[in-house]
Amino acid sequence: MSFTKVCTVDDVWEGEMAPYTVNGHEILLVCADGGEIKAFQGICPHQDIALSEGKFDGNKLICRAHLWQFDAGTGQGINPDDCALASYPVRIDGDDVFVSTEGVEPLFAHS
Ligand code: FES
């Protein structure tokens with residue numbers, strides 16, 4: 001599995017999110033409460049809205065358009081709960097954050 005450097009850990013503090021384009025994938029890095037950095041698809045599974053335009057409270061991502069909510073630790077939908085965000089493998093090496101986009105495709109849900 002190959003990893004691409006995206007940023008450094010100083011670019012995504014605990015409780016923050018940041019959008020990046022990696023190998024043509026729109027991804028969203030989130031650093032949830034506890035400090036672990038995760039990478040999810042950057043576009044809402046509902047419609048074509050960037051999740052970075054929504055809110056992040058440290059635990060939940062909330063899309064600005066129709067307020068769908070996602071668990072920032074797992075990407076699982078909270079409301080509605082029959083959807084999820086695709087998750088990209090993350091590797092931290094020193095201060096650098098790497099993401100692998102191999103074989104990961106965004107998920108889209110019912111409308
Ligand atoms: S586009 Fe995100 S909730 Fe509808």
# chains A, B, ... in the order shown; residues from 1 in each chain; ligands from 1

call {"tool": "residues_around", "arguments": {"residues": "region 79-90 of chain A", "least_positions_apart": "3", "cutoff": "7 Å", "atoms": "only C-alpha atoms", "output": "list in words"}}
result
Lys38, Ala39, Phe40, Gln41, Pro45, Trp68, Gln69, Gly75, Gln76, Phe98, Val99, Ser100, Thr101, Val104, Glu105, Pro106, Leu107 and Ala109 of chain A

call {"tool": "residues_near_ligand", "arguments": {"ligand": "ligand 1", "cutoff": "12 Å", "atoms": "only C-alpha atoms and all ligand atoms", "output": "PyMOL selection string"}}
result
chain A and resi 42-55+61-70+77-80+83-85+108-111

call {"tool": "select_by_dssp", "arguments": {"residues": "chain A", "states": "strand (DSSP E or B)", "output": "PyMOL selection string"}}
result
chain A and resi 4-8+17-22+25-31+37-41+43+50+55-56+60-62+69-71+76-79+84+87-88+90-93+96-99

call {"tool": "write_last_selection", "arguments": {"atoms": "C-alpha atoms", "output": "PDB file, in the first residue's frame"}}
result
ATOM      1  CA  THR A   4       1.051  10.090   0.091  1.00  0.00           C
ATOM      2  CA  LYS A   5       2.147  12.889   2.396  1.00  0.00           C
ATOM      3  CA  VAL A   6      -0.780  15.234   2.961  1.00  0.00           C
ATOM      4  CA  CYS A   7       0.316  17.673   5.673  1.00  0.00           C
ATOM      5  CA  THR A   8       1.857  17.729   9.123  1.00  0.00           C
ATOM      6  CA  MET A  17     -10.964  19.335  10.267  1.00  0.00           C
ATOM      7  CA  ALA A  18      -9.225  20.221   7.015  1.00  0.00           C
ATOM      8  CA  PRO A  19      -9.976  19.343   3.369  1.00  0.00           C
ATOM      9  CA  TYR A  20      -7.294  18.130   0.959  1.00  0.00           C
ATOM     10  CA  THR A  21      -7.141  16.694  -2.514  1.00  0.00           C
ATOM     11  CA  VAL A  22      -4.942  13.593  -2.608  1.00  0.00           C
ATOM     12  CA  HIS A  25      -9.593  12.123  -4.071  1.00  0.00           C
ATOM     13  CA  GLU A  26     -11.396  14.802  -2.072  1.00  0.00           C
ATOM     14  CA  ILE A  27     -10.582  13.880   1.494  1.00  0.00           C
ATOM     15  CA  LEU A  28     -11.309  15.381   4.871  1.00  0.00           C
ATOM     16  CA  LEU A  29      -8.808  15.024   7.681  1.00  0.00           C
ATOM     17  CA  VAL A  30     -10.335  15.219  11.128  1.00  0.00           C
ATOM     18  CA  CYS A  31      -8.644  15.181  14.491  1.00  0.00           C
ATOM     19  CA  ILE A  37      -6.218  11.875  12.941  1.00  0.00           C
ATOM     20  CA  LYS A  38      -8.626  10.157  10.556  1.00  0.00           C
ATOM     21  CA  ALA A  39      -9.226  10.608   6.852  1.00  0.00           C
ATOM     22  CA  PHE A  40     -12.676  10.336   5.295  1.00  0.00           C
ATOM     23  CA  GLN A  41     -14.229  11.119   1.957  1.00  0.00           C
ATOM     24  CA  ILE A  43     -17.946  14.894  -0.039  1.00  0.00           C
ATOM     25  CA  ALA A  50     -18.103  19.423   0.838  1.00  0.00           C
ATOM     26  CA  LYS A  55     -19.485  21.662  11.391  1.00  0.00           C
ATOM     27  CA  PHE A  56     -17.242  19.469  13.500  1.00  0.00           C
ATOM     28  CA  LYS A  60     -19.476  14.471  15.050  1.00  0.00           C
ATOM     29  CA  LEU A  61     -19.274  15.826  11.528  1.00  0.00           C
ATOM     30  CA  ILE A  62     -22.436  17.634  10.494  1.00  0.00           C
ATOM     31  CA  GLN A  69     -24.315  13.548  11.063  1.00  0.00           C
ATOM     32  CA  PHE A  70     -21.320  11.213  11.041  1.00  0.00           C
ATOM     33  CA  ASP A  71     -19.166   9.725  13.772  1.00  0.00           C
ATOM     34  CA  GLN A  76     -20.497   5.746  10.454  1.00  0.00           C
ATOM     35  CA  GLY A  77     -23.691   7.688   9.904  1.00  0.00           C
ATOM     36  CA  ILE A  78     -25.434   8.745  13.113  1.00  0.00           C
ATOM     37  CA  ASN A  79     -28.477  10.406  11.601  1.00  0.00           C
ATOM     38  CA  ALA A  84     -21.221   6.001   6.138  1.00  0.00           C
ATOM     39  CA  SER A  87     -12.326   5.881   5.388  1.00  0.00           C
ATOM     40  CA  TYR A  88      -8.766   6.183   4.111  1.00  0.00           C
ATOM     41  CA  VAL A  90      -3.694   7.150   7.736  1.00  0.00           C
ATOM     42  CA  ARG A  91      -0.064   6.810   8.775  1.00  0.00           C
ATOM     43  CA  ILE A  92       1.777   9.263  10.994  1.00  0.00           C
ATOM     44  CA  ASP A  93       5.552   9.351  10.537  1.00  0.00           C
ATOM     45  CA  ASP A  96       4.032  14.060   8.796  1.00  0.00           C
ATOM     46  CA  VAL A  97       0.556  12.782   7.963  1.00  0.00           C
ATOM     47  CA  PHE A  98       0.288  10.270   5.140  1.00  0.00           C
ATOM     48  CA  VAL A  99      -2.871   8.894   3.543  1.00  0.00           C
TER      49      VAL A  99
END

call {"tool": "atom_distance", "arguments": {"atom1": "CA of Val9 (chain A)", "atom2": "CA of Asn59 (chain A)"}}
result
18.2 Å

call {"tool": "atom_distance", "arguments": {"atom1": "CA of Glu36 (chain A)", "atom2": "CA of Gly103 (chain A)"}}
result
22.4 Å

call {"tool": "atom_distance", "arguments": {"atom1": "CA of Asp95 (chain A)", "atom2": "CA of Asp10 (chain A)"}}
result
7.6 Å
